[in-house]
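Shown next, in structure tokens, is the structure this report addresses.
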Amino acid sequence: MKFFLNGIAKQYTGDPNISLLHYLREVEGIISPKNGCSPQGACGCCLVEMDGKGVLSCVTPMRKVTERHITTTEGLDALTQRLFTRAFAEKGAVQCGYCTPGFVMQAHVLLQNNPNPSREEVQKAINPNLCRCTGYKKIEEAILYAGEALRNKTEIPTPSSSGKIGERHPRYMAQDLVLGQRPFVADLKIKAMLHGALKFSDHPRAKVLAIDTQAAAAYPGVLRVFTAKDIPGDRQTGIIVPDWPLFIEQGEETRYVGDVLAGVVAKTEEIARQALELIQVKYEVKQPLTTPHEALQPNAVQIHPDGNLLSETVIHHGNPEQAEKEAAFISRGIYKTQRIEHAFLEPECCIAQPWEEGIEFFTQGQGVYEDQKQIARLLNLPLEKIKGVLVPNGGAFGGKEDLSIQGHACLFAYLLQKPVKILLTRDESIRMHPKRHPLEMDYTLGCNQEGQLTFLKARIIGDTGAYASVGMKVLERAAGHATGAYHVQNIDVQSKAVYTNNIPCGAMRGFGVNQVTFALESCIDDLCEQGNFDRWQIRYDNALAEGRSTATGQILEEGVGVRKALLAVKDDFYKAKYAGLACGLKNTGLGNGVPDEGNIKIVVESPTKVVLHHGWTEMGQGVNTMAVQFLCEVTGISPEFVEVRVETPAQAFAGMTTGSRGTSILGNSIIQGAKKLHQDLARKSLAELVGNIYEGKWCCDWTTAPSAEVDKIVTHYSYAYAAQVVVLDEEGKVDTVYAAHDAGKIINPTLFEGQIEGSIHMGLGYALSENLILEEGIPQSTQLRKCGVLRAKQTPEIQVMGIEVQDPHGPFGAKGVGEIGLVPTAAAVANALYQYEGIRHYELPMGLKRKQK
């Protein structure tokens with residue numbers, strides 16, 4: 001068949017049923033169309049232009065392209081490429097960048113047919129495309145901006161800045177990201193690379209009696225089939241608790257449907273997946289434990305040797321029992337939140353290859369140094385024999401903290417001594433990686449006659465699923481933030497993380513805090529109803545301030561901005577007919593007695609090239625951009641000279657990119673190293689400093705554990721604060737979200753706004769539509785489109801207000817903003833809906849349909 005690709009005639013004689021996406025990526029080597037969900041056709045990452053229309057290449061078979069003209073970003077004319085890249089970079093419309101080429105092509109189709117679209121027409125056009133990072137608003141602005149330039153045939157200047165903090169410096173490598181030319185892991189090609197695929201358990205709980213791999217091993221094109229017996233080192237993985245086996249052994253029980261039983265490596269991915277179907281597993285199927293209450297029963301089957309209770313956090317201050325007796329008003333409720341999928345648009349992928357008697361791996365994980373440690377244990381190799389290269393990923397939100405397929409890829413490559421790539425399908429990704437914890441929260445909150453909050457009693461139980469992941473820390477964080485952004489003197493809080501046979505739950509943006517905020521803020525509105533209190537004033541009066549304490553008993557000393565955030569949204573709250581208000585508190589850093597440490601190296605490689613090594617994962621939040629700005633602020637060098645790398649041989653250890661701590665710890669580390677470079681630049685030119693290495697380190701080692709007997713409680717070294725108002729229209733739909741966020745010091749206004757807008761979009765989905773339903777431990781659906789992620793037309797107006805109350809420990813006063821954006825959102829939505837419906841919501845999601853009271 002004949003067709004045209006980016007203006008060049010092509011002849012195709014292969015399989016007419018393979019997808020256009022497969023052809024473009026695997027035959028032509030064109031990487032701009034991304035595989036986000038193939039063959040589900042749900043995300044738009046693979047969208048290309050065919051005869052002037054946007055088509056999803058993952059569901060377009062090659063037989064349908066006969067005599068058609070196919071265009072990808074690579075085929076756009078030079079002016080159009082420049083205008084889109086500059087518009088998206090200037091407006092902050094690109095974050096992780098994985099979805100961006102699909103939006104560019106969708107926008108190109110729109111602007112060809114409608115050169116002067118309205119914002120509503122842009123929203124309609126991009127509605128088939130998902131973005132999990134931006135909240136769509138900056139994408140809409142960029143398309144309108146590019147459209148104006150195309151219409152008027154004018155140039156958009158290349159975005160630039162001095163690189164100093166406070167400036168709208170364009171995202172690091174933004175121009176390559178916009179057109180899909182900065183490779184993600186799945187885009188990398190290595191000569192003679194093989195392909196692996198994994199055999200997952202068919203049952204959430206079953207004893208594996210036998211695994212027959214003979215037919216799979218004999219399948220043409222298969223090099224080897226792997227099982228647990230092939231692991232040379234420790235079979236168990238885990239960030240905190242090593243309870244997660246790389247493979248389930250014969251004779252062992254599976255614990256969830258994402259457990260891996262075997263792996264196949266073959267010449268192609270297609271052959272590997274065909275061979276997987278030939279693996280025969282004999283099971284003794286058993287009844288799974290699927291609720292934490294069931295799992296805590298005395299006669300319950302023990303999922304792990306130490307029992308089903310992973311952790312328990314207890315916080316007790318003052319005299320809550322007496323305060324309850326004396327309270328004038330008391331709100332009681334059992335609040336429940338759901339399990340949700342991270343829905344990062346880049347599925348998990350890892351490539352590993354032999355390297356200096358060890359292994360080199362290319363990872364998209366959130367902690368390359370943590371991956372390195374676990375892989376070394378799996379392979380029984382010294383740490384220095386494992387080289388990890390962090391490839392900035394296509395979104396994570398906590399979902400790429402755990403070791404998923406990195407261990408399998410490294411094992412296969414090491415034993416075969418050949419490069420191996422493993423790429424999960426969207427269905428496999430949803431089946432395998434940890435989710436957001438569903439929590440049940442029994443809340444009792446009281447106040448006196450004046451509306452002063454006097455006590456909180458909370459019992460929180462979380463389903464942490466089959467393996468620990470960071471479940472104990474999520475429930476610890478929920479307990480530590482149980483009183484939210486308010487001072488409550490008398491506290492009785494218990495939280496438990498419980499093993500079940502469900503998909504594991506681990507880190508996800510908000511980390512247990514948005515769950516308890518939903519319960520707390522609902523109780524506060526209920527108290528207002530009972531006592532006829534003003535909903536804004538009660539929050540302002542009880543808000544945290546210097547000298548007041550958090551749920552853990554930590555007395556805050558400086559940098560508390562919640563009252564300023566409340567003042568920023570006050571007028572918008574009072575002028576709305578149907579408005580919900582909620583405040584948020586979110587820690588920066590791990591805290592709770594765990595050291596927070598970051599290391600960097602600055603290497604002057606040439607008179608015009610300075611390489612900055614750090615250990616943090618760029619996943620759309622802009623940590624590499626922040627790194628450039630901190631370095632330029634301190635040294636005054638041009639941002640054009642700076643290259644950022646994350647590779648383990650540099651030994652720039654940073655731990656996991658989690659806890660909203662990247663900007664804070666990285667910034668402090670860079671300041672320490674950059675000061676030395678700045679001092680040398682006062683005496684010498686950059687050319688004279690070639691070969692010099694400057695190291696920086698910052699560590700917070702003064703926080704205290706929840707159980708520690710100490711004179712001064714310091715749970716976290718820093719917190720971010722927020723207040724959000726959600727306004728509904730006359731139909732009960734969310735019309736506008738007003739979000740005031742205390743970032744301490746806003747390092748980059750564009751990135752700050754993008755983080756908050758994207759977080760709010762995620763928070764709205766959490767409140768209204770997102771839900772990953774399991775039935776007896778098995779997902780009801782592994783379709784991305786059924787996860788409930790809001791699309792552009794469903795996303796309301798978002799107005800972000802930056803508040804700057806500087807933090808004493810943050811770099812230039814900065815606080816973490818990666819998670820705080822969605823902490824108050826679901827609670828504010830629930831409180832707005834009560835004003836409209838007259839119904840108090842006790843469970844999430846609350847649905848998209850409304851009935852007025």
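By order of appearance in the structure tokens: chains A, B, ..., then residues from 1 within every chain, and ligands from 1 in the order shown.
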Point to revise | Residue contacts of A:Gln181 (10 Å, only C-alpha atoms) excluding same-chain residues fewer than 5 positions away, as a ChimeraX atom specification | key: /A:30-33,73-74,97,101,173-176,187
Check your understanding: Which neighbours of stretch 501-509 of chain A fall inside 8 Å, counting only C-alpha atoms, when residues of the same chain fewer than 5 positions from it are skipped, and could you give them as a PyMOL selection string?
Key -> chain A and resi 204-205+255-258+288-290+303+342+397-399+401+431-437+463-471+474+774+776-778+818-819+822
Check your understanding: Hey, what's within 6 Å of A:Gly102 if we count only C-alpha atoms and toss same-chain stuff fewer than 3 positions away? As a ChimeraX atom specification, please?
Key -> /A:44-47,99,105
Per residue of stretch 142-182 of chain A within 7 Å of stretch 741-765 of chain A, note the shortest atom pair and the distance in Å to one decimal, counting only C-alpha atoms, and order the rows by chain and increasing residue number, as a tab-separated table.
residue	atom	partner	partner_atom	distance
A:Ile165	CA	A:Ile747	CA	4.9
A:Gly166	CA	A:Ile747	CA	4.7
A:Glu167	CA	A:Asn748	CA	5.5
A:Arg168	CA	A:Asn748	CA	5.3
A:His169	CA	A:Asn748	CA	6.7
Review point. Which residue, A:Gln515, A:Asn599, A:Ser718, A:Gln621, has the smallest gap to A:Cys699 when you use only C-alpha atoms?
Key: A:Asn599
Check your understanding: If you count only C-alpha atoms, which residues fall within 7 Å of A:Val314, apart from same-chain ones fewer than 6 positions away, as a PyMOL selection string?
Key -> chain A and resi 493-495
Give me, as JSON lines, the closest atom pair and its distance (Å, one decimal) for every residue of stretch 199-317 of chain A within a cut-off of 12 Å of stretch 11-29 of chain A, counting only C-alpha atoms, rows sorted by chain and rising number.
{"residue": "A:Thr268", "atom": "CA", "partner": "A:Glu26", "partner_atom": "CA", "distance": 10.7}
{"residue": "A:Glu269", "atom": "CA", "partner": "A:Glu26", "partner_atom": "CA", "distance": 11.0}
{"residue": "A:Glu270", "atom": "CA", "partner": "A:Ile18", "partner_atom": "CA", "distance": 11.1}
Check your understanding: What lies within 12 Å of A:Glu546 using only C-alpha atoms, ignoring chain neighbours under 5 positions off, as a count of residues only?
Key -> 13
Exercise for review: Compare A:His317, A:Lys199, A:Lys853, A:Lys675 by their minimum atom-to-atom distance to A:Glu633, counting only C-alpha atoms, and give me the closest one.
Suggested key: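 Closest candidate: A:Lys675.
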Exercise: A:Pro128 partners within 9 Å, only C-alpha atoms, chain neighbours under 4 positions left out, as a short mmCIF file (atom, residue, chain, number, x, y, z; two decimals) with C-alpha atoms, in the first residue's frame:
data_model
loop_
_atom_site.label_atom_id
_atom_site.label_comp_id
_atom_site.auth_asym_id
_atom_site.auth_seq_id
_atom_site.Cartn_x
_atom_site.Cartn_y
_atom_site.Cartn_z
CA ALA A 42 -8.12 6.84 25.66
CA CYS A 43 -5.32 9.36 26.23
CA GLY A 44 -4.44 11.09 22.96
CA LYS A 124 -13.80 20.95 22.77
CA ARG A 791 -10.98 16.21 30.65
CA ALA A 792 -10.56 19.78 29.45
#
**Study point:** Atom-to-atom span, atom CA of A:His69 and atom CA of A:Asn114, Å
**Key:**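 Spanning atom CA of A:His69 to atom CA of A:Asn114 is a straight-line distance of 19.9 Å.
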Write out as a PDB file with C-alpha atoms, in the first residue's frame the set of residues from stretch 178-414 of chain A that DSSP, computed on the backbone, places in helix (DSSP H, G or I).
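Output file result14.pdb follows:
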ATOM      1  CA  VAL A 178       6.890  20.145  23.113  1.00  0.00           C
ATOM      2  CA  VAL A 185      12.803   5.538  28.455  1.00  0.00           C
ATOM      3  CA  ALA A 186      10.557   3.831  25.894  1.00  0.00           C
ATOM      4  CA  ASP A 187      12.049   6.039  23.161  1.00  0.00           C
ATOM      5  CA  GLN A 214       8.607 -25.562  28.799  1.00  0.00           C
ATOM      6  CA  ALA A 215       6.335 -24.576  25.920  1.00  0.00           C
ATOM      7  CA  ALA A 216       7.192 -20.895  26.350  1.00  0.00           C
ATOM      8  CA  ALA A 217      10.933 -21.622  26.435  1.00  0.00           C
ATOM      9  CA  ALA A 218      10.679 -23.636  23.217  1.00  0.00           C
ATOM     10  CA  ALA A 228      12.153 -17.027  41.163  1.00  0.00           C
ATOM     11  CA  LYS A 229      14.887 -19.662  41.175  1.00  0.00           C
ATOM     12  CA  ASP A 230      16.956 -17.539  38.772  1.00  0.00           C
ATOM     13  CA  GLU A 269       7.911  -7.787  22.415  1.00  0.00           C
ATOM     14  CA  GLU A 270       5.259  -9.531  20.328  1.00  0.00           C
ATOM     15  CA  ILE A 271       7.062 -12.875  20.576  1.00  0.00           C
ATOM     16  CA  ALA A 272       7.594 -12.438  24.310  1.00  0.00           C
ATOM     17  CA  ARG A 273       3.885 -11.791  24.859  1.00  0.00           C
ATOM     18  CA  GLN A 274       2.875 -14.733  22.677  1.00  0.00           C
ATOM     19  CA  ALA A 275       5.170 -16.992  24.692  1.00  0.00           C
ATOM     20  CA  LEU A 276       3.648 -15.760  27.963  1.00  0.00           C
ATOM     21  CA  PRO A 292      -8.961  -4.089  56.437  1.00  0.00           C
ATOM     22  CA  HIS A 293     -11.682  -4.834  59.008  1.00  0.00           C
ATOM     23  CA  GLU A 294     -11.804  -8.427  57.820  1.00  0.00           C
ATOM     24  CA  ALA A 295      -8.014  -8.644  57.826  1.00  0.00           C
ATOM     25  CA  PRO A 320      -9.632  14.994  74.920  1.00  0.00           C
ATOM     26  CA  GLU A 321     -12.026  12.976  77.067  1.00  0.00           C
ATOM     27  CA  GLN A 322     -12.774  15.932  79.349  1.00  0.00           C
ATOM     28  CA  ALA A 323     -12.872  18.341  76.407  1.00  0.00           C
ATOM     29  CA  GLU A 324     -15.507  16.185  74.739  1.00  0.00           C
ATOM     30  CA  LYS A 325     -17.687  16.346  77.853  1.00  0.00           C
ATOM     31  CA  GLU A 326     -17.373  20.117  77.978  1.00  0.00           C
ATOM     32  CA  VAL A 368      17.412   6.244  41.126  1.00  0.00           C
ATOM     33  CA  TYR A 369      19.669   5.715  44.153  1.00  0.00           C
ATOM     34  CA  GLU A 370      16.971   3.709  45.944  1.00  0.00           C
ATOM     35  CA  ASP A 371      16.502   1.619  42.793  1.00  0.00           C
ATOM     36  CA  GLN A 372      20.261   1.076  42.678  1.00  0.00           C
ATOM     37  CA  LYS A 373      20.312  -0.307  46.237  1.00  0.00           C
ATOM     38  CA  GLN A 374      17.469  -2.748  45.650  1.00  0.00           C
ATOM     39  CA  ILE A 375      18.863  -3.974  42.328  1.00  0.00           C
ATOM     40  CA  ALA A 376      22.270  -4.570  43.918  1.00  0.00           C
ATOM     41  CA  ARG A 377      20.606  -6.781  46.533  1.00  0.00           C
ATOM     42  CA  LEU A 378      18.630  -8.673  43.870  1.00  0.00           C
ATOM     43  CA  LEU A 379      21.726  -9.407  41.810  1.00  0.00           C
ATOM     44  CA  LEU A 383      26.581  -1.097  44.754  1.00  0.00           C
ATOM     45  CA  GLU A 384      29.296   0.319  42.487  1.00  0.00           C
ATOM     46  CA  LYS A 385      28.538  -2.392  39.916  1.00  0.00           C
ATOM     47  CA  GLN A 406      13.482  -2.223  37.015  1.00  0.00           C
ATOM     48  CA  GLY A 407      14.445  -5.336  38.955  1.00  0.00           C
ATOM     49  CA  HIS A 408      13.159  -7.693  36.277  1.00  0.00           C
ATOM     50  CA  ALA A 409      14.892  -5.823  33.450  1.00  0.00           C
ATOM     51  CA  CYS A 410      18.208  -5.800  35.320  1.00  0.00           C
ATOM     52  CA  LEU A 411      17.941  -9.483  36.239  1.00  0.00           C
ATOM     53  CA  PHE A 412      17.224 -10.507  32.652  1.00  0.00           C
ATOM     54  CA  ALA A 413      19.989  -8.328  31.182  1.00  0.00           C
ATOM     55  CA  TYR A 414      22.526  -9.475  33.757  1.00  0.00           C
TER      56      TYR A 414
END
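If you count only C-alpha atoms and ignore residues fewer than 6 places along the chain from A:Val725, what sits within 7 Å of it is Val569, Phe573, Ala579, Gly580, Leu581, Ala582, Val737, Tyr738, Ala739 and Ala828 of chain A.
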Restricting it to N, CA and C atoms, dump the selection as an mmCIF file, in the first residue's frame.
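So the final result, stored in selection12.cif, reads:
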data_model
loop_
_atom_site.group_PDB
_atom_site.id
_atom_site.type_symbol
_atom_site.label_atom_id
_atom_site.label_comp_id
_atom_site.auth_asym_id
_atom_site.auth_seq_id
_atom_site.Cartn_x
_atom_site.Cartn_y
_atom_site.Cartn_z
ATOM 1 N N VAL A 569 -8.655 34.807 49.859
ATOM 2 C CA VAL A 569 -9.867 34.259 49.227
ATOM 3 C C VAL A 569 -11.145 34.769 49.882
ATOM 4 N N PHE A 573 -15.074 34.220 48.552
ATOM 5 C CA PHE A 573 -15.955 33.331 49.314
ATOM 6 C C PHE A 573 -17.287 34.013 49.620
ATOM 7 N N ALA A 579 -20.719 28.396 47.787
ATOM 8 C CA ALA A 579 -19.266 28.336 47.938
ATOM 9 C C ALA A 579 -18.880 27.373 49.048
ATOM 10 N N GLY A 580 -17.822 26.632 48.796
ATOM 11 C CA GLY A 580 -17.232 25.772 49.812
ATOM 12 C C GLY A 580 -15.821 26.240 50.094
ATOM 13 N N LEU A 581 -15.440 26.214 51.365
ATOM 14 C CA LEU A 581 -14.132 26.697 51.794
ATOM 15 C C LEU A 581 -13.405 25.587 52.543
ATOM 16 N N ALA A 582 -12.118 25.463 52.296
ATOM 17 C CA ALA A 582 -11.289 24.520 53.052
ATOM 18 C C ALA A 582 -9.858 25.026 53.060
ATOM 19 N N VAL A 737 -12.500 27.686 40.879
ATOM 20 C CA VAL A 737 -11.750 27.379 42.096
ATOM 21 C C VAL A 737 -10.779 28.526 42.340
ATOM 22 N N TYR A 738 -10.896 29.150 43.513
ATOM 23 C CA TYR A 738 -9.969 30.197 43.927
ATOM 24 C C TYR A 738 -8.983 29.550 44.902
ATOM 25 N N ALA A 739 -7.703 29.617 44.576
ATOM 26 C CA ALA A 739 -6.700 28.898 45.349
ATOM 27 C C ALA A 739 -5.584 29.836 45.780
ATOM 28 N N ALA A 828 -13.280 21.273 49.960
ATOM 29 C CA ALA A 828 -13.960 22.497 49.529
ATOM 30 C C ALA A 828 -15.128 22.168 48.606
#
Review point. What does the distance between atom CA of A:Phe653 and atom CA of A:Gly615 come to in Å, to one decimal place?
Key: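 Atom CA of A:Gly615 lies at a distance of 5.3 Å from atom CA of A:Phe653.
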Check your understanding: Looking at only C-alpha atoms, which of A:Thr213, A:Gln250, A:Ser664, A:Ser638 is the one that sits closest to A:Lys164?
Key ->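 Comparing A:Thr213, A:Gln250, A:Ser664, A:Ser638 against A:Lys164, the winner is A:Ser638.
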Check your understanding: Hey, which of A:Asn152, A:Gln81, A:Asn116, A:Gln452 ends up closest to A:Leu177? Count only C-alpha atoms.
Key ->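 Nearest to A:Leu177: A:Gln81.
Compared by their closest atoms to A:Ala497, and using only C-alpha atoms, the residues A:Ser707, A:Ser311, A:Ile602, A:Leu439 rank with A:Ser311 nearest.
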Practice item. Name the closest residue to A:Val48 among the candidates A:Phe4, A:Trp536, A:Phe103, A:Phe226; distances are taken between atoms, counting only C-alpha atoms. Key: A:Phe103
